[in-house]
Amino acid sequence: MAISLQHEQVGAAMVIRLEGRLDAYGADQIAKELAEIPAASVVVMAAEGLTYLSSAGIRILIQLHKKLQARGGRLMLTGLQPYCQEVMKVAGLDKVFSIFESTRAALAESGVAVESYEVPCGRIVIQEGSNVPGSVEVLGDVEDVLWSRVTADRMYRKTFSAKAYSLGLGGLGPGVDEVLPIIGEMMTMGGTMVWLPTDGHDTPDFLVPQRDSDRVVIHTGYNVSLPETFNEYIEFEASSSNGATLAELYRALFDLAKARRPDYRGALALAMRAEIGGVYGGGVKMAPIASQAPKNGLRIIDPSNYDEWFEVEDPPRHSDVTGLICGIGLDLNADHSSFNPERLKAAFYINPGNTETDAREMLHNHGVFFQPFPLGEKPWALEREIGRVVDEGVFIDMRHLFDKTTILWALIGVVYVQDFCPDPESL
């Protein structure tokens, strides 16, 4: 099959679709068209229809790559078929080229804006992400935490790779017996696990593993995890110099989703890299385990128990810091009848210390904080920026976040939640 080439402009990017065989003959056929591409362009080479790739085809791609790179442009390859992927690996070029599963994913990283909106709390720029429907997985039940009835047989073991983005209650240690008495607020983000041991020291623990282990695992009694791919990527900038609250930001996202997303069902899951004006939050001070349950038989969030069990911070614990946030939000004005009611109920609770919230929504967010950390060069990619903060940032703290935490600027990955599901079988 002879090579065919079609191209279209998508925002600031040129999308080139190749079909057929990119052999010596095919390379000659498209050489003139590739040579006419402006050197500073962002080019997405969509190769889903490419059936064959030879050394001559590789050479012409390398020429284009070098030409674009020298002038600030970029070449991204998408949708390579298995044979062509293997040719790239054999040639050692899978580390040279930027290769993505889909054109959507490449456009998201290229910084091509799909839509831009002015919202009550600031400006939102939206980039396309994955079109794969996403669900939130819930392990355990938040009611076990609130009634302080977590026991060893209600603890689960999970590898780090199984929890790319998550929040909940847990800890690290050689075994459940060592971890159980000091479990606390936890989150995973960018390959790291951060948790706040309830050992009385109020000092978070922070581990960035280089690989999975069946011995160094996450012990958790309750966990809510996000998919590893996001439906959209958002750049947010607050209109006020004081920032926008998490409640205001979620409300803007809810309202936009309702107006423009046919797959919106009233719930969002977020991962973000943010510049934070003020951190308002807290954390559970004692492990909510059965042996420490309140003697009055009431939940730990009951007014008679709350002050003993929870720390609440006001004024803000930190100001003007870089943060990584993982969260879920429920629009209470929406119809939730399509969700699994048991898992939905197991994911959310109302924290009495979370004042100044929006009565139209229910949010659950955890954050980890670093000294102010500079952004990398454009185009920004959420996953890469999270990785840079985790690897190079100076760690400060971790907390359960209240809705009045203020966001100045953020890169956000959004999942339009299709359901709340049970977590797959634990280890």
# chains A, B, ... in the order shown; residues from 1 in each chain; ligands from 1

call {"tool": "residues_around", "arguments": {"residues": "Asn333 (chain A)", "least_positions_apart": "2", "cutoff": "9 Å", "atoms": "only C-alpha atoms", "output": "VMD selection string"}}
result
chain A and resid 266 330 to 331 335 360 to 361

call {"tool": "write_last_selection", "arguments": {"atoms": "C-alpha atoms", "output": "tab-separated table (two decimals), in the first residue's frame"}}
result
chain	number	residue	atom	x	y	z
A	266	GLY	CA	-22.46	15.12	38.89
A	330	LEU	CA	-19.92	15.73	44.33
A	331	ASP	CA	-22.36	18.28	42.89
A	335	ASP	CA	-28.85	13.46	39.76
A	360	ARG	CA	-24.35	22.75	46.82
A	361	GLU	CA	-21.33	20.45	46.88

call {"tool": "residues_around", "arguments": {"residues": "region 407-421 of chain A", "least_positions_apart": "2", "cutoff": "6 Å", "atoms": "only C-alpha atoms", "output": "PyMOL selection string"}}
result
chain A and resi 134-137+230-238+243-244+264+267-277+339-340+343-344

call {"tool": "write_last_selection", "arguments": {"atoms": "C-alpha atoms", "output": "short mmCIF file (atom, residue, chain, number, x, y, z; two decimals), in the first residue's frame"}}
result
data_model
loop_
_atom_site.label_atom_id
_atom_site.label_comp_id
_atom_site.auth_asym_id
_atom_site.auth_seq_id
_atom_site.Cartn_x
_atom_site.Cartn_y
_atom_site.Cartn_z
CA GLY A 134 -13.21 6.96 34.22
CA SER A 135 -14.50 5.63 37.53
CA VAL A 136 -13.40 6.17 41.12
CA GLU A 137 -12.48 3.03 43.08
CA PHE A 230 -7.63 12.21 32.76
CA ASN A 231 -10.45 13.27 30.45
CA GLU A 232 -9.29 16.88 30.33
CA TYR A 233 -6.36 18.99 31.45
CA ILE A 234 -7.04 22.44 32.81
CA GLU A 235 -4.92 25.49 33.50
CA PHE A 236 -6.57 27.68 36.12
CA GLU A 237 -5.65 31.22 37.18
CA ALA A 238 -7.57 32.95 39.97
CA GLY A 243 -6.81 33.16 45.14
CA ALA A 244 -9.99 31.13 44.73
CA TYR A 264 -21.17 14.67 33.20
CA ALA A 267 -19.05 14.05 40.18
CA LEU A 268 -15.43 14.99 39.44
CA ALA A 269 -12.08 13.58 40.46
CA LEU A 270 -9.03 15.84 40.34
CA ALA A 271 -5.27 15.75 40.59
CA MET A 272 -3.50 19.09 40.57
CA ARG A 273 -0.18 20.83 40.83
CA ALA A 274 -1.02 24.20 42.37
CA GLU A 275 0.33 27.42 43.75
CA ILE A 276 -1.53 27.78 47.03
CA GLY A 277 -2.27 31.06 48.79
CA PHE A 339 -23.90 5.79 40.69
CA ASN A 340 -23.34 2.74 42.86
CA ARG A 343 -19.65 2.99 47.08
CA LEU A 344 -20.75 6.61 46.68
#

call {"tool": "closest_residue", "arguments": {"among": "A:Ile325, A:Met186, A:Val390, A:Met88", "to": "Gly57 (chain A)", "atoms": "only C-alpha atoms"}}
result
A:Met88

call {"tool": "atom_distance", "arguments": {"atom1": "CA of Ser239 (chain A)", "atom2": "CA of Thr405 (chain A)"}}
result
15.4 Å

call {"tool": "closest_residue", "arguments": {"among": "A:Ala334, A:Val217, A:Ile300, A:Val96", "to": "Tyr156 (chain A)", "atoms": "only C-alpha atoms"}}
result
A:Val217

call {"tool": "closest_residue", "arguments": {"among": "A:Ser116, A:Thr188, A:Thr406, A:Ser304", "to": "Ser319 (chain A)", "atoms": "only C-alpha atoms"}}
result
A:Thr406

call {"tool": "residues_around", "arguments": {"residues": "region 44-54 of chain A", "least_positions_apart": "3", "cutoff": "6 Å", "atoms": "only C-alpha atoms", "output": "ChimeraX atom specification"}}
result
/A:15-23,57,76-80,84

call {"tool": "write_last_selection", "arguments": {"atoms": "C-alpha atoms", "output": "compact mmCIF listing (two decimals), in the first residue's frame"}}
result
# COMPACT_ATOMS: atom_id res chain seq x y z
CA VAL A 15 -1.75 17.11 12.89
CA ILE A 16 -0.36 14.88 10.12
CA ARG A 17 -2.06 11.54 9.48
CA LEU A 18 -0.01 8.83 7.78
CA GLU A 19 -1.42 5.67 6.23
CA GLY A 20 0.34 2.84 4.43
CA ARG A 21 4.02 1.89 4.25
CA LEU A 22 6.75 4.33 5.24
CA ASP A 23 9.55 2.53 3.38
CA GLY A 57 11.18 6.12 7.07
CA MET A 76 5.15 13.91 18.61
CA LEU A 77 4.20 10.46 17.34
CA THR A 78 0.87 8.88 18.22
CA GLY A 79 -0.92 5.56 17.75
CA LEU A 80 2.05 3.51 16.55
CA CYS A 84 6.21 0.04 14.11

call {"tool": "select_by_dssp", "arguments": {"residues": "region 154-207 of chain A", "states": "strand (DSSP E)", "output": "list in words"}}
result
Tyr156, Arg157, Lys158, Tyr165, Ser166, Leu167, Gly168, Leu169, Gly170, Gly171, Gly184, Glu185, Met186, Met187, Thr188, Met189, Thr192, Met193, Val194, Trp195, Asp205, Phe206 and Leu207 of chain A

call {"tool": "residues_around", "arguments": {"residues": "region 199-206 of chain A", "least_positions_apart": "2", "cutoff": "10 Å", "atoms": "only C-alpha atoms", "output": "ChimeraX atom specification"}}
result
/A:171-172,181-186,188,192-197,208-209,283,285-287,311,368,390,395-399

call {"tool": "closest_atom_pairs", "arguments": {"of": "region 206-276 of chain A", "to": "region 352-357 of chain A", "cutoff": "9 Å", "atoms": "only C-alpha atoms", "output": "JSON lines"}}
result
{"residue": "A:Leu246", "atom": "CA", "partner": "A:Thr357", "partner_atom": "CA", "distance": 8.9}
{"residue": "A:Ala247", "atom": "CA", "partner": "A:Thr357", "partner_atom": "CA", "distance": 6.2}
{"residue": "A:Glu248", "atom": "CA", "partner": "A:Thr357", "partner_atom": "CA", "distance": 9.0}

call {"tool": "atom_distance", "arguments": {"atom1": "CA of Pro424 (chain A)", "atom2": "CA of Ser213 (chain A)"}}
result
18.4 Å

call {"tool": "residues_around", "arguments": {"residues": "Gly73 (chain A)", "least_positions_apart": "5", "cutoff": "12 Å", "atoms": "only C-alpha atoms", "output": "list in words"}}
result
Ala12, Ala13, Met14, Ile37, Pro38, Ala39, Ala40, Ser41, Val42, Val43, Val44, Leu64, His65, Lys66, Lys67, Leu68, Ser110, Lys378 and Pro379 of chain A

call {"tool": "write_last_selection", "arguments": {"atoms": "N, CA and C atoms", "output": "PDB file, in the first residue's frame"}}
result
ATOM      1  N   ALA A  12      -2.568  25.580  17.679  1.00  0.00           N
ATOM      2  CA  ALA A  12      -1.193  25.893  17.290  1.00  0.00           C
ATOM      3  C   ALA A  12      -0.453  24.677  16.760  1.00  0.00           C
ATOM      4  N   ALA A  13      -1.082  23.520  16.719  1.00  0.00           N
ATOM      5  CA  ALA A  13      -0.414  22.287  16.301  1.00  0.00           C
ATOM      6  C   ALA A  13      -0.867  21.868  14.904  1.00  0.00           C
ATOM      7  N   MET A  14       0.057  21.237  14.176  1.00  0.00           N
ATOM      8  CA  MET A  14      -0.274  20.629  12.902  1.00  0.00           C
ATOM      9  C   MET A  14      -0.385  19.118  13.117  1.00  0.00           C
ATOM     10  N   ILE A  37       7.130  22.034   6.134  1.00  0.00           N
ATOM     11  CA  ILE A  37       6.591  22.351   7.454  1.00  0.00           C
ATOM     12  C   ILE A  37       7.462  23.406   8.117  1.00  0.00           C
ATOM     13  N   PRO A  38       6.885  24.512   8.621  1.00  0.00           N
ATOM     14  CA  PRO A  38       7.683  25.544   9.294  1.00  0.00           C
ATOM     15  C   PRO A  38       8.480  24.963  10.466  1.00  0.00           C
ATOM     16  N   ALA A  39       9.713  25.435  10.618  1.00  0.00           N
ATOM     17  CA  ALA A  39      10.639  24.832  11.576  1.00  0.00           C
ATOM     18  C   ALA A  39      10.180  24.961  13.023  1.00  0.00           C
ATOM     19  N   ALA A  40       9.430  26.000  13.362  1.00  0.00           N
ATOM     20  CA  ALA A  40       9.032  26.213  14.758  1.00  0.00           C
ATOM     21  C   ALA A  40       7.700  25.556  15.106  1.00  0.00           C
ATOM     22  N   SER A  41       7.209  24.692  14.252  1.00  0.00           N
ATOM     23  CA  SER A  41       5.880  24.112  14.443  1.00  0.00           C
ATOM     24  C   SER A  41       5.859  23.026  15.515  1.00  0.00           C
ATOM     25  N   VAL A  42       4.679  22.849  16.087  1.00  0.00           N
ATOM     26  CA  VAL A  42       4.383  21.663  16.893  1.00  0.00           C
ATOM     27  C   VAL A  42       3.646  20.701  15.968  1.00  0.00           C
ATOM     28  N   VAL A  43       4.236  19.529  15.740  1.00  0.00           N
ATOM     29  CA  VAL A  43       3.687  18.565  14.793  1.00  0.00           C
ATOM     30  C   VAL A  43       3.302  17.286  15.528  1.00  0.00           C
ATOM     31  N   VAL A  44       2.052  16.882  15.348  1.00  0.00           N
ATOM     32  CA  VAL A  44       1.575  15.607  15.878  1.00  0.00           C
ATOM     33  C   VAL A  44       1.423  14.649  14.706  1.00  0.00           C
ATOM     34  N   LEU A  64      13.021  15.510  10.364  1.00  0.00           N
ATOM     35  CA  LEU A  64      11.970  16.439  10.779  1.00  0.00           C
ATOM     36  C   LEU A  64      12.109  16.765  12.260  1.00  0.00           C
ATOM     37  N   HIS A  65      12.379  15.774  13.078  1.00  0.00           N
ATOM     38  CA  HIS A  65      12.557  15.971  14.523  1.00  0.00           C
ATOM     39  C   HIS A  65      13.669  16.985  14.792  1.00  0.00           C
ATOM     40  N   LYS A  66      14.820  16.819  14.155  1.00  0.00           N
ATOM     41  CA  LYS A  66      15.962  17.723  14.381  1.00  0.00           C
ATOM     42  C   LYS A  66      15.652  19.132  13.892  1.00  0.00           C
ATOM     43  N   LYS A  67      14.992  19.221  12.761  1.00  0.00           N
ATOM     44  CA  LYS A  67      14.634  20.533  12.212  1.00  0.00           C
ATOM     45  C   LYS A  67      13.721  21.292  13.171  1.00  0.00           C
ATOM     46  N   LEU A  68      12.689  20.620  13.694  1.00  0.00           N
ATOM     47  CA  LEU A  68      11.755  21.274  14.601  1.00  0.00           C
ATOM     48  C   LEU A  68      12.431  21.618  15.930  1.00  0.00           C
ATOM     49  N   SER A 110       0.910  19.214  24.182  1.00  0.00           N
ATOM     50  CA  SER A 110       1.448  20.280  23.326  1.00  0.00           C
ATOM     51  C   SER A 110       1.007  21.660  23.775  1.00  0.00           C
ATOM     52  N   LYS A 378       7.377  25.511  28.978  1.00  0.00           N
ATOM     53  CA  LYS A 378       6.185  25.151  28.222  1.00  0.00           C
ATOM     54  C   LYS A 378       6.574  24.261  27.045  1.00  0.00           C
ATOM     55  N   PRO A 379       5.653  23.415  26.548  1.00  0.00           N
ATOM     56  CA  PRO A 379       4.291  23.221  27.057  1.00  0.00           C
ATOM     57  C   PRO A 379       4.301  22.397  28.343  1.00  0.00           C
TER      58      PRO A 379
END

call {"tool": "decode", "arguments": {"residues": "region 360-395 of chain A", "atoms": "N, CA and C atoms", "output": "PDB file, in the first residue's frame"}}
result
ATOM      1  N   ARG A 360     -23.959  23.466  48.035  1.00  0.00           N
ATOM      2  CA  ARG A 360     -24.349  22.747  46.819  1.00  0.00           C
ATOM      3  C   ARG A 360     -23.381  21.630  46.459  1.00  0.00           C
ATOM      4  N   GLU A 361     -22.330  21.437  47.249  1.00  0.00           N
ATOM      5  CA  GLU A 361     -21.327  20.451  46.883  1.00  0.00           C
ATOM      6  C   GLU A 361     -20.732  19.773  48.110  1.00  0.00           C
ATOM      7  N   MET A 362     -20.162  18.601  47.909  1.00  0.00           N
ATOM      8  CA  MET A 362     -19.459  17.868  48.949  1.00  0.00           C
ATOM      9  C   MET A 362     -18.090  17.498  48.393  1.00  0.00           C
ATOM     10  N   LEU A 363     -17.022  17.928  49.091  1.00  0.00           N
ATOM     11  CA  LEU A 363     -15.664  17.750  48.592  1.00  0.00           C
ATOM     12  C   LEU A 363     -14.834  16.942  49.577  1.00  0.00           C
ATOM     13  N   HIS A 364     -13.847  16.221  49.034  1.00  0.00           N
ATOM     14  CA  HIS A 364     -12.906  15.469  49.854  1.00  0.00           C
ATOM     15  C   HIS A 364     -11.543  15.586  49.188  1.00  0.00           C
ATOM     16  N   ASN A 365     -10.619  16.354  49.802  1.00  0.00           N
ATOM     17  CA  ASN A 365      -9.324  16.634  49.200  1.00  0.00           C
ATOM     18  C   ASN A 365      -8.204  16.456  50.212  1.00  0.00           C
ATOM     19  N   HIS A 366      -7.080  15.909  49.756  1.00  0.00           N
ATOM     20  CA  HIS A 366      -5.852  15.855  50.529  1.00  0.00           C
ATOM     21  C   HIS A 366      -4.756  16.562  49.739  1.00  0.00           C
ATOM     22  N   GLY A 367      -3.791  17.140  50.438  1.00  0.00           N
ATOM     23  CA  GLY A 367      -2.711  17.848  49.768  1.00  0.00           C
ATOM     24  C   GLY A 367      -1.374  17.611  50.435  1.00  0.00           C
ATOM     25  N   VAL A 368      -0.308  17.659  49.624  1.00  0.00           N
ATOM     26  CA  VAL A 368       1.061  17.607  50.125  1.00  0.00           C
ATOM     27  C   VAL A 368       1.755  18.874  49.638  1.00  0.00           C
ATOM     28  N   PHE A 369       2.592  19.474  50.497  1.00  0.00           N
ATOM     29  CA  PHE A 369       3.081  20.828  50.247  1.00  0.00           C
ATOM     30  C   PHE A 369       4.602  20.906  50.254  1.00  0.00           C
ATOM     31  N   PHE A 370       5.102  21.816  49.408  1.00  0.00           N
ATOM     32  CA  PHE A 370       6.535  22.004  49.206  1.00  0.00           C
ATOM     33  C   PHE A 370       6.843  23.499  49.233  1.00  0.00           C
ATOM     34  N   GLN A 371       8.092  23.815  49.470  1.00  0.00           N
ATOM     35  CA  GLN A 371       8.513  25.201  49.302  1.00  0.00           C
ATOM     36  C   GLN A 371       8.244  25.608  47.855  1.00  0.00           C
ATOM     37  N   PRO A 372       7.993  26.912  47.596  1.00  0.00           N
ATOM     38  CA  PRO A 372       7.655  27.341  46.235  1.00  0.00           C
ATOM     39  C   PRO A 372       8.613  26.756  45.206  1.00  0.00           C
ATOM     40  N   PHE A 373       8.044  26.132  44.182  1.00  0.00           N
ATOM     41  CA  PHE A 373       8.838  25.400  43.194  1.00  0.00           C
ATOM     42  C   PHE A 373       8.502  25.907  41.799  1.00  0.00           C
ATOM     43  N   PRO A 374       9.506  26.251  40.989  1.00  0.00           N
ATOM     44  CA  PRO A 374       9.235  26.848  39.676  1.00  0.00           C
ATOM     45  C   PRO A 374       8.695  25.833  38.676  1.00  0.00           C
ATOM     46  N   LEU A 375       7.850  26.311  37.773  1.00  0.00           N
ATOM     47  CA  LEU A 375       7.354  25.481  36.684  1.00  0.00           C
ATOM     48  C   LEU A 375       8.460  25.227  35.674  1.00  0.00           C
ATOM     49  N   GLY A 376       8.352  24.101  34.968  1.00  0.00           N
ATOM     50  CA  GLY A 376       9.272  23.828  33.880  1.00  0.00           C
ATOM     51  C   GLY A 376       8.911  24.633  32.647  1.00  0.00           C
ATOM     52  N   GLU A 377       9.594  24.352  31.563  1.00  0.00           N
ATOM     53  CA  GLU A 377       9.339  25.072  30.326  1.00  0.00           C
ATOM     54  C   GLU A 377       8.034  24.601  29.687  1.00  0.00           C
ATOM     55  N   LYS A 378       7.377  25.511  28.978  1.00  0.00           N
ATOM     56  CA  LYS A 378       6.185  25.151  28.222  1.00  0.00           C
ATOM     57  C   LYS A 378       6.574  24.261  27.045  1.00  0.00           C
ATOM     58  N   PRO A 379       5.653  23.415  26.548  1.00  0.00           N
ATOM     59  CA  PRO A 379       4.291  23.221  27.057  1.00  0.00           C
ATOM     60  C   PRO A 379       4.301  22.397  28.343  1.00  0.00           C
ATOM     61  N   TRP A 380       3.489  22.798  29.293  1.00  0.00           N
ATOM     62  CA  TRP A 380       3.425  22.098  30.564  1.00  0.00           C
ATOM     63  C   TRP A 380       2.625  20.810  30.422  1.00  0.00           C
ATOM     64  N   ALA A 381       3.043  19.809  31.144  1.00  0.00           N
ATOM     65  CA  ALA A 381       2.301  18.548  31.229  1.00  0.00           C
ATOM     66  C   ALA A 381       2.138  18.227  32.706  1.00  0.00           C
ATOM     67  N   LEU A 382       0.913  17.971  33.124  1.00  0.00           N
ATOM     68  CA  LEU A 382       0.627  17.765  34.542  1.00  0.00           C
ATOM     69  C   LEU A 382       1.498  16.671  35.145  1.00  0.00           C
ATOM     70  N   GLU A 383       1.539  15.501  34.506  1.00  0.00           N
ATOM     71  CA  GLU A 383       2.284  14.385  35.074  1.00  0.00           C
ATOM     72  C   GLU A 383       3.765  14.714  35.205  1.00  0.00           C
ATOM     73  N   ARG A 384       4.320  15.400  34.209  1.00  0.00           N
ATOM     74  CA  ARG A 384       5.741  15.758  34.279  1.00  0.00           C
ATOM     75  C   ARG A 384       5.993  16.770  35.385  1.00  0.00           C
ATOM     76  N   GLU A 385       5.105  17.757  35.528  1.00  0.00           N
ATOM     77  CA  GLU A 385       5.295  18.769  36.566  1.00  0.00           C
ATOM     78  C   GLU A 385       5.134  18.169  37.967  1.00  0.00           C
ATOM     79  N   ILE A 386       4.202  17.236  38.127  1.00  0.00           N
ATOM     80  CA  ILE A 386       4.079  16.550  39.414  1.00  0.00           C
ATOM     81  C   ILE A 386       5.369  15.798  39.722  1.00  0.00           C
ATOM     82  N   GLY A 387       5.901  15.098  38.713  1.00  0.00           N
ATOM     83  CA  GLY A 387       7.144  14.357  38.908  1.00  0.00           C
ATOM     84  C   GLY A 387       8.308  15.251  39.297  1.00  0.00           C
ATOM     85  N   ARG A 388       8.387  16.438  38.703  1.00  0.00           N
ATOM     86  CA  ARG A 388       9.470  17.360  39.031  1.00  0.00           C
ATOM     87  C   ARG A 388       9.357  17.836  40.477  1.00  0.00           C
ATOM     88  N   VAL A 389       8.154  18.144  40.916  1.00  0.00           N
ATOM     89  CA  VAL A 389       7.964  18.595  42.297  1.00  0.00           C
ATOM     90  C   VAL A 389       8.346  17.483  43.274  1.00  0.00           C
ATOM     91  N   VAL A 390       7.872  16.265  43.001  1.00  0.00           N
ATOM     92  CA  VAL A 390       8.166  15.132  43.883  1.00  0.00           C
ATOM     93  C   VAL A 390       9.660  14.852  43.952  1.00  0.00           C
ATOM     94  N   ASP A 391      10.330  14.894  42.796  1.00  0.00           N
ATOM     95  CA  ASP A 391      11.748  14.530  42.742  1.00  0.00           C
ATOM     96  C   ASP A 391      12.675  15.632  43.241  1.00  0.00           C
ATOM     97  N   GLU A 392      12.299  16.907  43.021  1.00  0.00           N
ATOM     98  CA  GLU A 392      13.237  18.001  43.277  1.00  0.00           C
ATOM     99  C   GLU A 392      12.760  18.998  44.332  1.00  0.00           C
ATOM    100  N   GLY A 393      11.467  18.979  44.662  1.00  0.00           N
ATOM    101  CA  GLY A 393      10.934  19.958  45.605  1.00  0.00           C
ATOM    102  C   GLY A 393      11.356  19.694  47.044  1.00  0.00           C
ATOM    103  N   VAL A 394      11.280  20.737  47.859  1.00  0.00           N
ATOM    104  CA  VAL A 394      11.588  20.631  49.285  1.00  0.00           C
ATOM    105  C   VAL A 394      10.279  20.415  50.038  1.00  0.00           C
ATOM    106  N   PHE A 395      10.106  19.206  50.558  1.00  0.00           N
ATOM    107  CA  PHE A 395       8.868  18.790  51.205  1.00  0.00           C
ATOM    108  C   PHE A 395       8.652  19.528  52.520  1.00  0.00           C
TER     109      PHE A 395
END
